[in-house]
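Listing of protein31.cif, mmCIF, N, CA and C atoms
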data_structure
#
loop_
_atom_site.label_atom_id
_atom_site.label_comp_id
_atom_site.auth_asym_id
_atom_site.auth_seq_id
_atom_site.Cartn_x
_atom_site.Cartn_y
_atom_site.Cartn_z
N LYS A 251 -5.45 -29.72 58.24
CA LYS A 251 -6.46 -30.52 58.90
C LYS A 251 -7.36 -29.59 59.71
N VAL A 252 -8.64 -29.86 59.64
CA VAL A 252 -9.60 -29.16 60.49
C VAL A 252 -10.12 -30.13 61.54
N SER A 253 -10.62 -29.59 62.63
CA SER A 253 -11.12 -30.45 63.70
C SER A 253 -12.30 -29.77 64.39
N ALA A 254 -13.31 -30.57 64.67
CA ALA A 254 -14.47 -30.08 65.41
C ALA A 254 -14.84 -31.14 66.44
N SER A 255 -15.48 -30.74 67.49
CA SER A 255 -15.90 -31.70 68.51
C SER A 255 -17.37 -31.48 68.83
N ASP A 256 -17.99 -32.53 69.35
CA ASP A 256 -19.40 -32.49 69.71
C ASP A 256 -19.51 -33.13 71.09
N LEU A 257 -20.16 -32.46 72.02
CA LEU A 257 -20.24 -32.94 73.40
C LEU A 257 -21.29 -34.01 73.62
N ASP A 258 -22.10 -34.33 72.59
CA ASP A 258 -23.11 -35.37 72.75
C ASP A 258 -22.45 -36.74 72.91
N ASP A 259 -23.19 -37.67 73.50
CA ASP A 259 -22.70 -39.04 73.70
C ASP A 259 -23.01 -39.91 72.49
N GLY A 260 -22.23 -40.97 72.32
CA GLY A 260 -22.49 -41.99 71.30
C GLY A 260 -22.44 -41.43 69.89
N GLU A 261 -23.29 -42.00 69.02
CA GLU A 261 -23.31 -41.59 67.62
C GLU A 261 -23.70 -40.12 67.45
N ASN A 262 -24.46 -39.58 68.37
CA ASN A 262 -24.83 -38.17 68.29
C ASN A 262 -23.61 -37.26 68.37
N GLY A 263 -22.49 -37.76 68.90
CA GLY A 263 -21.28 -36.97 69.04
C GLY A 263 -20.27 -37.17 67.93
N TYR A 264 -20.53 -38.12 67.00
CA TYR A 264 -19.61 -38.32 65.88
C TYR A 264 -19.66 -37.11 64.95
N VAL A 265 -18.50 -36.68 64.45
CA VAL A 265 -18.43 -35.52 63.55
C VAL A 265 -17.81 -35.95 62.22
N THR A 266 -18.45 -35.50 61.12
CA THR A 266 -17.91 -35.73 59.79
C THR A 266 -17.71 -34.38 59.11
N TYR A 267 -16.89 -34.37 58.05
CA TYR A 267 -16.49 -33.12 57.40
C TYR A 267 -16.78 -33.17 55.91
N SER A 268 -17.07 -31.97 55.35
CA SER A 268 -17.26 -31.84 53.91
C SER A 268 -16.91 -30.42 53.49
N ILE A 269 -16.64 -30.26 52.19
CA ILE A 269 -16.43 -28.93 51.62
C ILE A 269 -17.77 -28.44 51.12
N ALA A 270 -18.20 -27.26 51.57
CA ALA A 270 -19.55 -26.77 51.28
C ALA A 270 -19.58 -25.70 50.20
N ASN A 271 -18.47 -25.45 49.49
CA ASN A 271 -18.47 -24.43 48.45
C ASN A 271 -19.43 -24.81 47.33
N ILE A 272 -20.08 -23.79 46.75
CA ILE A 272 -21.00 -24.02 45.63
C ILE A 272 -20.24 -24.46 44.38
N HIS A 273 -19.12 -23.78 44.09
CA HIS A 273 -18.33 -24.11 42.91
C HIS A 273 -17.23 -25.11 43.28
N PRO A 274 -16.93 -26.03 42.37
CA PRO A 274 -15.89 -27.04 42.66
C PRO A 274 -14.54 -26.38 42.98
N GLN A 275 -13.82 -26.98 43.90
CA GLN A 275 -12.50 -26.52 44.30
C GLN A 275 -11.51 -27.66 44.09
N PRO A 276 -10.22 -27.35 43.87
CA PRO A 276 -9.25 -28.42 43.64
C PRO A 276 -8.75 -29.07 44.93
N PHE A 277 -9.69 -29.30 45.86
CA PHE A 277 -9.34 -29.89 47.15
C PHE A 277 -10.42 -30.89 47.54
N THR A 278 -10.01 -31.84 48.36
CA THR A 278 -10.95 -32.79 48.96
C THR A 278 -10.71 -32.77 50.47
N ILE A 279 -11.68 -33.28 51.19
CA ILE A 279 -11.52 -33.39 52.64
C ILE A 279 -11.91 -34.80 53.05
N ASP A 280 -11.11 -35.40 53.91
CA ASP A 280 -11.44 -36.72 54.41
C ASP A 280 -12.67 -36.60 55.32
N TYR A 281 -13.69 -37.37 55.01
CA TYR A 281 -14.98 -37.31 55.68
C TYR A 281 -14.86 -37.49 57.19
N PHE A 282 -13.92 -38.33 57.63
CA PHE A 282 -13.82 -38.65 59.05
C PHE A 282 -12.69 -37.93 59.78
N THR A 283 -11.56 -37.67 59.10
CA THR A 283 -10.40 -37.09 59.80
C THR A 283 -10.31 -35.57 59.66
N GLY A 284 -10.92 -34.99 58.62
CA GLY A 284 -10.83 -33.55 58.40
C GLY A 284 -9.55 -33.13 57.68
N VAL A 285 -8.78 -34.10 57.17
CA VAL A 285 -7.55 -33.78 56.45
C VAL A 285 -7.92 -33.25 55.06
N ILE A 286 -7.42 -32.06 54.73
CA ILE A 286 -7.68 -31.43 53.43
C ILE A 286 -6.51 -31.76 52.52
N SER A 287 -6.82 -32.24 51.30
CA SER A 287 -5.80 -32.61 50.32
C SER A 287 -6.13 -32.00 48.97
N THR A 288 -5.13 -31.95 48.10
CA THR A 288 -5.38 -31.49 46.73
C THR A 288 -6.02 -32.62 45.94
N SER A 289 -6.88 -32.25 45.00
CA SER A 289 -7.52 -33.24 44.14
C SER A 289 -6.99 -33.17 42.72
N GLU A 290 -6.07 -32.23 42.47
CA GLU A 290 -5.43 -32.09 41.17
C GLU A 290 -4.12 -31.33 41.36
N ASP A 291 -3.27 -31.35 40.32
CA ASP A 291 -2.03 -30.60 40.39
C ASP A 291 -2.34 -29.11 40.42
N LEU A 292 -1.65 -28.38 41.28
CA LEU A 292 -1.85 -26.94 41.40
C LEU A 292 -0.66 -26.23 40.76
N ASP A 293 -0.93 -25.19 39.98
CA ASP A 293 0.13 -24.45 39.31
C ASP A 293 -0.01 -22.97 39.66
N TYR A 294 0.99 -22.44 40.34
CA TYR A 294 0.99 -21.05 40.82
C TYR A 294 0.80 -20.06 39.68
N GLU A 295 1.42 -20.34 38.54
CA GLU A 295 1.35 -19.41 37.41
C GLU A 295 0.01 -19.46 36.67
N LEU A 296 -0.72 -20.56 36.77
CA LEU A 296 -1.93 -20.74 35.96
C LEU A 296 -3.24 -20.74 36.76
N MET A 297 -3.16 -20.81 38.06
CA MET A 297 -4.37 -20.97 38.86
C MET A 297 -4.50 -19.82 39.86
N PRO A 298 -5.68 -19.69 40.47
CA PRO A 298 -5.81 -18.69 41.53
C PRO A 298 -4.79 -18.94 42.63
N ARG A 299 -4.37 -17.89 43.28
CA ARG A 299 -3.35 -18.02 44.32
C ARG A 299 -3.97 -18.22 45.71
N ILE A 300 -5.23 -17.82 45.86
CA ILE A 300 -5.92 -17.93 47.15
C ILE A 300 -7.25 -18.65 46.94
N TYR A 301 -7.51 -19.62 47.80
CA TYR A 301 -8.77 -20.36 47.78
C TYR A 301 -9.45 -20.18 49.13
N ASN A 302 -10.73 -19.83 49.07
CA ASN A 302 -11.53 -19.68 50.29
C ASN A 302 -12.53 -20.83 50.33
N LEU A 303 -12.30 -21.75 51.25
CA LEU A 303 -13.17 -22.92 51.39
C LEU A 303 -14.14 -22.71 52.54
N LYS A 304 -15.32 -23.29 52.38
CA LYS A 304 -16.27 -23.37 53.49
C LYS A 304 -16.29 -24.83 53.92
N ILE A 305 -15.81 -25.09 55.11
CA ILE A 305 -15.77 -26.45 55.62
C ILE A 305 -16.95 -26.66 56.56
N ARG A 306 -17.68 -27.73 56.30
CA ARG A 306 -18.86 -28.05 57.10
C ARG A 306 -18.56 -29.24 58.00
N ALA A 307 -18.85 -29.09 59.28
CA ALA A 307 -18.78 -30.18 60.24
C ALA A 307 -20.21 -30.56 60.61
N SER A 308 -20.52 -31.85 60.51
CA SER A 308 -21.87 -32.34 60.79
C SER A 308 -21.80 -33.44 61.85
N ASP A 309 -22.74 -33.42 62.80
CA ASP A 309 -22.79 -34.54 63.75
C ASP A 309 -23.76 -35.59 63.23
N TRP A 310 -23.80 -36.71 63.92
CA TRP A 310 -24.68 -37.81 63.49
C TRP A 310 -25.93 -37.83 64.35
N GLY A 311 -26.33 -36.65 64.82
CA GLY A 311 -27.44 -36.55 65.76
C GLY A 311 -28.74 -37.16 65.27
N SER A 312 -29.50 -37.62 66.23
CA SER A 312 -30.81 -38.17 65.96
C SER A 312 -31.77 -37.53 66.95
N PRO A 313 -32.89 -37.04 66.53
CA PRO A 313 -33.58 -37.30 65.25
C PRO A 313 -33.11 -36.42 64.08
N TYR A 314 -32.29 -35.41 64.32
CA TYR A 314 -31.81 -34.61 63.20
C TYR A 314 -30.35 -34.23 63.44
N ARG A 315 -29.67 -33.97 62.32
CA ARG A 315 -28.25 -33.62 62.39
C ARG A 315 -28.07 -32.13 62.64
N ARG A 316 -26.98 -31.79 63.31
CA ARG A 316 -26.60 -30.39 63.50
C ARG A 316 -25.33 -30.15 62.70
N GLU A 317 -25.23 -28.95 62.12
CA GLU A 317 -24.09 -28.62 61.27
C GLU A 317 -23.58 -27.22 61.60
N VAL A 318 -22.30 -27.02 61.31
CA VAL A 318 -21.68 -25.70 61.45
C VAL A 318 -20.64 -25.57 60.34
N GLU A 319 -20.44 -24.34 59.86
CA GLU A 319 -19.45 -24.11 58.82
C GLU A 319 -18.37 -23.17 59.33
N ALA A 320 -17.15 -23.37 58.82
CA ALA A 320 -16.01 -22.51 59.19
C ALA A 320 -15.22 -22.20 57.92
N PRO A 321 -14.71 -20.97 57.80
CA PRO A 321 -13.90 -20.62 56.63
C PRO A 321 -12.47 -21.15 56.78
N VAL A 322 -11.91 -21.61 55.67
CA VAL A 322 -10.51 -22.01 55.62
C VAL A 322 -9.91 -21.36 54.37
N THR A 323 -8.82 -20.63 54.54
CA THR A 323 -8.15 -19.97 53.42
C THR A 323 -6.87 -20.74 53.11
N ILE A 324 -6.72 -21.11 51.83
CA ILE A 324 -5.52 -21.80 51.38
C ILE A 324 -4.81 -20.89 50.38
N THR A 325 -3.54 -20.61 50.63
CA THR A 325 -2.73 -19.75 49.77
C THR A 325 -1.65 -20.59 49.10
N LEU A 326 -1.59 -20.53 47.78
CA LEU A 326 -0.55 -21.26 47.05
C LEU A 326 0.77 -20.53 47.18
N ASN A 327 1.83 -21.28 47.39
CA ASN A 327 3.18 -20.73 47.37
C ASN A 327 3.80 -21.06 46.03
N ASN A 328 4.64 -20.17 45.55
CA ASN A 328 5.31 -20.40 44.28
C ASN A 328 6.41 -21.44 44.47
N LEU A 329 6.62 -22.23 43.43
CA LEU A 329 7.64 -23.26 43.42
C LEU A 329 8.51 -23.02 42.20
N ASN A 330 9.78 -23.17 42.34
CA ASN A 330 10.68 -22.97 41.20
C ASN A 330 10.59 -24.20 40.30
N ASP A 331 9.51 -24.26 39.50
CA ASP A 331 9.25 -25.43 38.67
C ASP A 331 9.49 -25.18 37.18
N ASN A 332 9.99 -24.01 36.82
CA ASN A 332 10.27 -23.71 35.41
C ASN A 332 11.75 -23.39 35.26
N LYS A 333 12.36 -23.95 34.21
CA LYS A 333 13.77 -23.68 33.96
C LYS A 333 13.91 -22.44 33.09
N PRO A 334 15.05 -21.78 33.15
CA PRO A 334 15.24 -20.59 32.30
C PRO A 334 15.30 -20.99 30.83
N LEU A 335 14.90 -20.07 29.97
CA LEU A 335 14.92 -20.30 28.53
C LEU A 335 15.70 -19.20 27.85
N PHE A 336 16.50 -19.57 26.85
CA PHE A 336 17.20 -18.58 26.03
C PHE A 336 16.23 -18.05 24.99
N GLU A 337 16.29 -16.74 24.73
CA GLU A 337 15.45 -16.16 23.68
C GLU A 337 15.95 -16.58 22.31
N ASN A 338 17.27 -16.59 22.11
CA ASN A 338 17.87 -17.02 20.85
C ASN A 338 18.58 -18.34 21.10
N VAL A 339 18.05 -19.40 20.52
CA VAL A 339 18.62 -20.72 20.76
C VAL A 339 19.86 -20.94 19.91
N ASP A 340 19.80 -20.65 18.63
CA ASP A 340 20.94 -20.84 17.72
C ASP A 340 21.58 -19.50 17.44
N CYS A 341 22.78 -19.31 17.94
CA CYS A 341 23.50 -18.05 17.74
C CYS A 341 24.78 -18.32 16.95
N ASP A 342 24.94 -17.61 15.86
CA ASP A 342 26.18 -17.64 15.09
C ASP A 342 26.84 -16.29 15.26
N VAL A 343 28.10 -16.32 15.69
CA VAL A 343 28.82 -15.09 15.97
C VAL A 343 30.17 -15.14 15.26
N THR A 344 30.52 -14.04 14.62
CA THR A 344 31.85 -13.89 14.03
C THR A 344 32.65 -12.97 14.93
N VAL A 345 33.81 -13.44 15.34
CA VAL A 345 34.66 -12.66 16.24
C VAL A 345 35.81 -12.06 15.43
N PRO A 346 35.92 -10.73 15.43
CA PRO A 346 37.02 -10.09 14.70
C PRO A 346 38.37 -10.47 15.31
N ARG A 347 39.38 -10.57 14.46
CA ARG A 347 40.72 -10.96 14.91
C ARG A 347 41.30 -9.98 15.92
N ASP A 348 40.94 -8.72 15.79
CA ASP A 348 41.55 -7.71 16.65
C ASP A 348 40.72 -7.40 17.91
N LEU A 349 39.76 -8.29 18.24
CA LEU A 349 38.94 -8.08 19.44
C LEU A 349 39.83 -8.20 20.67
N GLY A 350 39.77 -7.20 21.53
CA GLY A 350 40.60 -7.18 22.72
C GLY A 350 40.10 -8.11 23.82
N VAL A 351 40.99 -8.45 24.71
CA VAL A 351 40.63 -9.30 25.85
C VAL A 351 39.60 -8.57 26.70
N GLY A 352 38.54 -9.28 27.07
CA GLY A 352 37.51 -8.73 27.94
C GLY A 352 36.42 -7.96 27.22
N GLU A 353 36.55 -7.81 25.86
CA GLU A 353 35.51 -7.10 25.11
C GLU A 353 34.33 -8.02 24.84
N GLN A 354 33.14 -7.42 24.76
CA GLN A 354 31.93 -8.20 24.54
C GLN A 354 31.92 -8.84 23.16
N ILE A 355 31.53 -10.10 23.10
CA ILE A 355 31.42 -10.81 21.84
C ILE A 355 29.98 -10.76 21.34
N THR A 356 29.02 -11.14 22.19
CA THR A 356 27.61 -11.14 21.82
C THR A 356 26.75 -11.18 23.08
N THR A 357 25.46 -11.02 22.89
CA THR A 357 24.49 -11.14 23.97
C THR A 357 23.47 -12.20 23.58
N VAL A 358 23.19 -13.11 24.51
CA VAL A 358 22.19 -14.15 24.23
C VAL A 358 20.95 -13.88 25.04
#
Starting from the coordinates I provided, produce the structure as structure tokens.
Amino acid sequence: KVSASDLDDGENGYVTYSIANIHPQPFTIDYFTGVISTSEDLDYELMPRIYNLKIRASDWGSPYRREVEAPVTITLNNLNDNKPLFENVDCDVTVPRDLGVGEQITTV
């Protein structure tokens, strides 16, 4: 969540928020609360790991609005979302009769 304040009275002191990046980002911001949320599923392995957002705070000033921008950096953390996979799924192994206890049978 981001937060900005305006010392003006009444509607001139109301503050709203927006993302000011030129290129689309996988995030949205609540216009009134400043809460930043994801707008799509994020995947650590497939997407950028760091996002640099420009957050704009605007007042409702009259006769004209005043605005300011602040940088917000979002870093993705990895999630253990993939299960392990065997390289060889179907293994057929013949074990010799004279194989000793504790000897290797095969590698998967």
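Of note, CA of Gly352 in chain A and CA of Lys333 in chain A are spaced 28.7 Å apart.
Here CA of Val339 in chain A and atom C of Leu292 in chain A stand 28.3 Å from one another.
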Checklist outcome for this item: Between A:Ser255, A:Thr266, A:Gln275, A:Thr356, smallest distance to Ala307 in chain A by all atoms listed in the file belongs to A:Thr266
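Using only N, CA and C atoms for every distance, the candidate list A:Leu326, A:Pro321, A:Phe277, A:Pro313 yields A:Leu326 as the residue closest to Ile300 in chain A.
Among the candidate residues A:Val358, A:Arg315, A:Tyr267, A:Val345, the one lying nearest to Val285 in chain A is A:Tyr267, with distances computed using all atoms listed in the file.
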Checklist entry - What's the 7 Å shell around Thr278 in chain A, counting all atoms listed in the file, without same-chain residues fewer than 2 positions away, as a PyMOL selection string? => result chain A and resi 269+275-276+280+285-289
Next on the checklist: Quick check, in Å to one decimal: how far apart do CA of Pro298 in chain A and CA of Phe282 in chain A lie?
Outcome noted: 27.7 Å
So that each row is one residue of range 283-330 of chain A with an atom at most 8 Å from range 257-261 of chain A, can you give its shortest atom pair and the distance in Å to one decimal, using all atoms listed in the file, rows by chain and rising number, as CSV?
residue,atom,partner,partner_atom,distance
A:Asp309,C,A:Glu261,C,6.2
A:Trp310,C,A:Glu261,C,4.5
A:Gly311,N,A:Glu261,C,5.1
A:Ser312,N,A:Glu261,C,6.4
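If you measure from each of A:Glu290, A:Pro334, A:Gly284, A:Leu296 to Lys251 in chain A using all atoms listed in the file, the closest one turns out to be A:Gly284.
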Checklist entry - Which is closest to Gly263 in chain A among A:Met297, A:Asn328, A:Arg316, A:Asn302, if we use only C-alpha atoms? => result A:Arg316
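Residue nearest Arg306 in chain A, chosen from A:Ile279, A:Val318, A:Val265, A:Leu329 and counting only N, CA and C atoms: A:Val318.
Residues matched by the PyMOL selection byres (((chain A and resi 355 and name CA) around 12) and name CA) in this file: A:Cys341, A:Asp342, A:Val343, A:Thr344, A:Val345, A:Pro346, A:Arg347, A:Asp348, A:Leu349, A:Gly350, A:Val351, A:Gly352, A:Glu353, A:Gln354, A:Thr356, A:Thr357, A:Val358.
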Would you put the residues from that selection into a file with N, CA and C atoms, as a short mmCIF file (atom, residue, chain, number, x, y, z; two decimals), in the frame of the given file?
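Below is the file selection00.cif, written as the result:
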data_model
loop_
_atom_site.label_atom_id
_atom_site.label_comp_id
_atom_site.auth_asym_id
_atom_site.auth_seq_id
_atom_site.Cartn_x
_atom_site.Cartn_y
_atom_site.Cartn_z
N CYS A 341 22.78 -19.31 17.94
CA CYS A 341 23.50 -18.05 17.74
C CYS A 341 24.78 -18.32 16.95
N ASP A 342 24.94 -17.61 15.86
CA ASP A 342 26.18 -17.64 15.09
C ASP A 342 26.84 -16.29 15.26
N VAL A 343 28.10 -16.32 15.69
CA VAL A 343 28.82 -15.09 15.97
C VAL A 343 30.17 -15.14 15.26
N THR A 344 30.52 -14.04 14.62
CA THR A 344 31.85 -13.89 14.03
C THR A 344 32.65 -12.97 14.93
N VAL A 345 33.81 -13.44 15.34
CA VAL A 345 34.66 -12.66 16.24
C VAL A 345 35.81 -12.06 15.43
N PRO A 346 35.92 -10.73 15.43
CA PRO A 346 37.02 -10.09 14.70
C PRO A 346 38.37 -10.47 15.31
N ARG A 347 39.38 -10.57 14.46
CA ARG A 347 40.72 -10.96 14.91
C ARG A 347 41.30 -9.98 15.92
N ASP A 348 40.94 -8.72 15.79
CA ASP A 348 41.55 -7.71 16.65
C ASP A 348 40.72 -7.40 17.91
N LEU A 349 39.76 -8.29 18.24
CA LEU A 349 38.94 -8.08 19.44
C LEU A 349 39.83 -8.20 20.67
N GLY A 350 39.77 -7.20 21.53
CA GLY A 350 40.60 -7.18 22.72
C GLY A 350 40.10 -8.11 23.82
N VAL A 351 40.99 -8.45 24.71
CA VAL A 351 40.63 -9.30 25.85
C VAL A 351 39.60 -8.57 26.70
N GLY A 352 38.54 -9.28 27.07
CA GLY A 352 37.51 -8.73 27.94
C GLY A 352 36.42 -7.96 27.22
N GLU A 353 36.55 -7.81 25.86
CA GLU A 353 35.51 -7.10 25.11
C GLU A 353 34.33 -8.02 24.84
N GLN A 354 33.14 -7.42 24.76
CA GLN A 354 31.93 -8.20 24.54
C GLN A 354 31.92 -8.84 23.16
N THR A 356 29.02 -11.14 22.19
CA THR A 356 27.61 -11.14 21.82
C THR A 356 26.75 -11.18 23.08
N THR A 357 25.46 -11.02 22.89
CA THR A 357 24.49 -11.14 23.97
C THR A 357 23.47 -12.20 23.58
N VAL A 358 23.19 -13.11 24.51
CA VAL A 358 22.19 -14.15 24.23
C VAL A 358 20.95 -13.88 25.04
#
Next on the checklist: For the structure I just gave you, how does DSSP split range 262-334 of chain A - specifically, which residues are strand (DSSP E or B)? Reply as a PyMOL selection string.
Outcome noted: chain A and resi 265-269+277-279+286-288+300-309+317-325
From chain A, collect each residue whose DSSP state is helix (DSSP H, G or I) and return the set as a JSON list (two decimals) with N, CA and C atoms, in the coordinates of the input.
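Once written, out_28.json looks like this:
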[["chain", "number", "residue", "atom", "x", "y", "z"],
["A", 260, "GLY", "N", -22.23, -40.97, 72.32],
["A", 260, "GLY", "CA", -22.49, -41.99, 71.30],
["A", 260, "GLY", "C", -22.44, -41.43, 69.89],
["A", 261, "GLU", "N", -23.29, -42.00, 69.02],
["A", 261, "GLU", "CA", -23.31, -41.59, 67.62],
["A", 261, "GLU", "C", -23.70, -40.12, 67.45],
["A", 262, "ASN", "N", -24.46, -39.58, 68.37],
["A", 262, "ASN", "CA", -24.83, -38.17, 68.29],
["A", 262, "ASN", "C", -23.61, -37.26, 68.37],
["A", 263, "GLY", "N", -22.49, -37.76, 68.90],
["A", 263, "GLY", "CA", -21.28, -36.97, 69.04],
["A", 263, "GLY", "C", -20.27, -37.17, 67.93]]
To test the calculation: enclose all listed atoms of range 342-348 of chain A in a box whose edges run along x, y and z, add 8 Å on each side, then state centre and edge lengths in Å to one decimal, as lines of an AutoDock Vina configuration file.
center_x = 33.2
center_y = -12.5
center_z = 16.0
size_x = 32.6
size_y = 26.2
size_z = 19.9
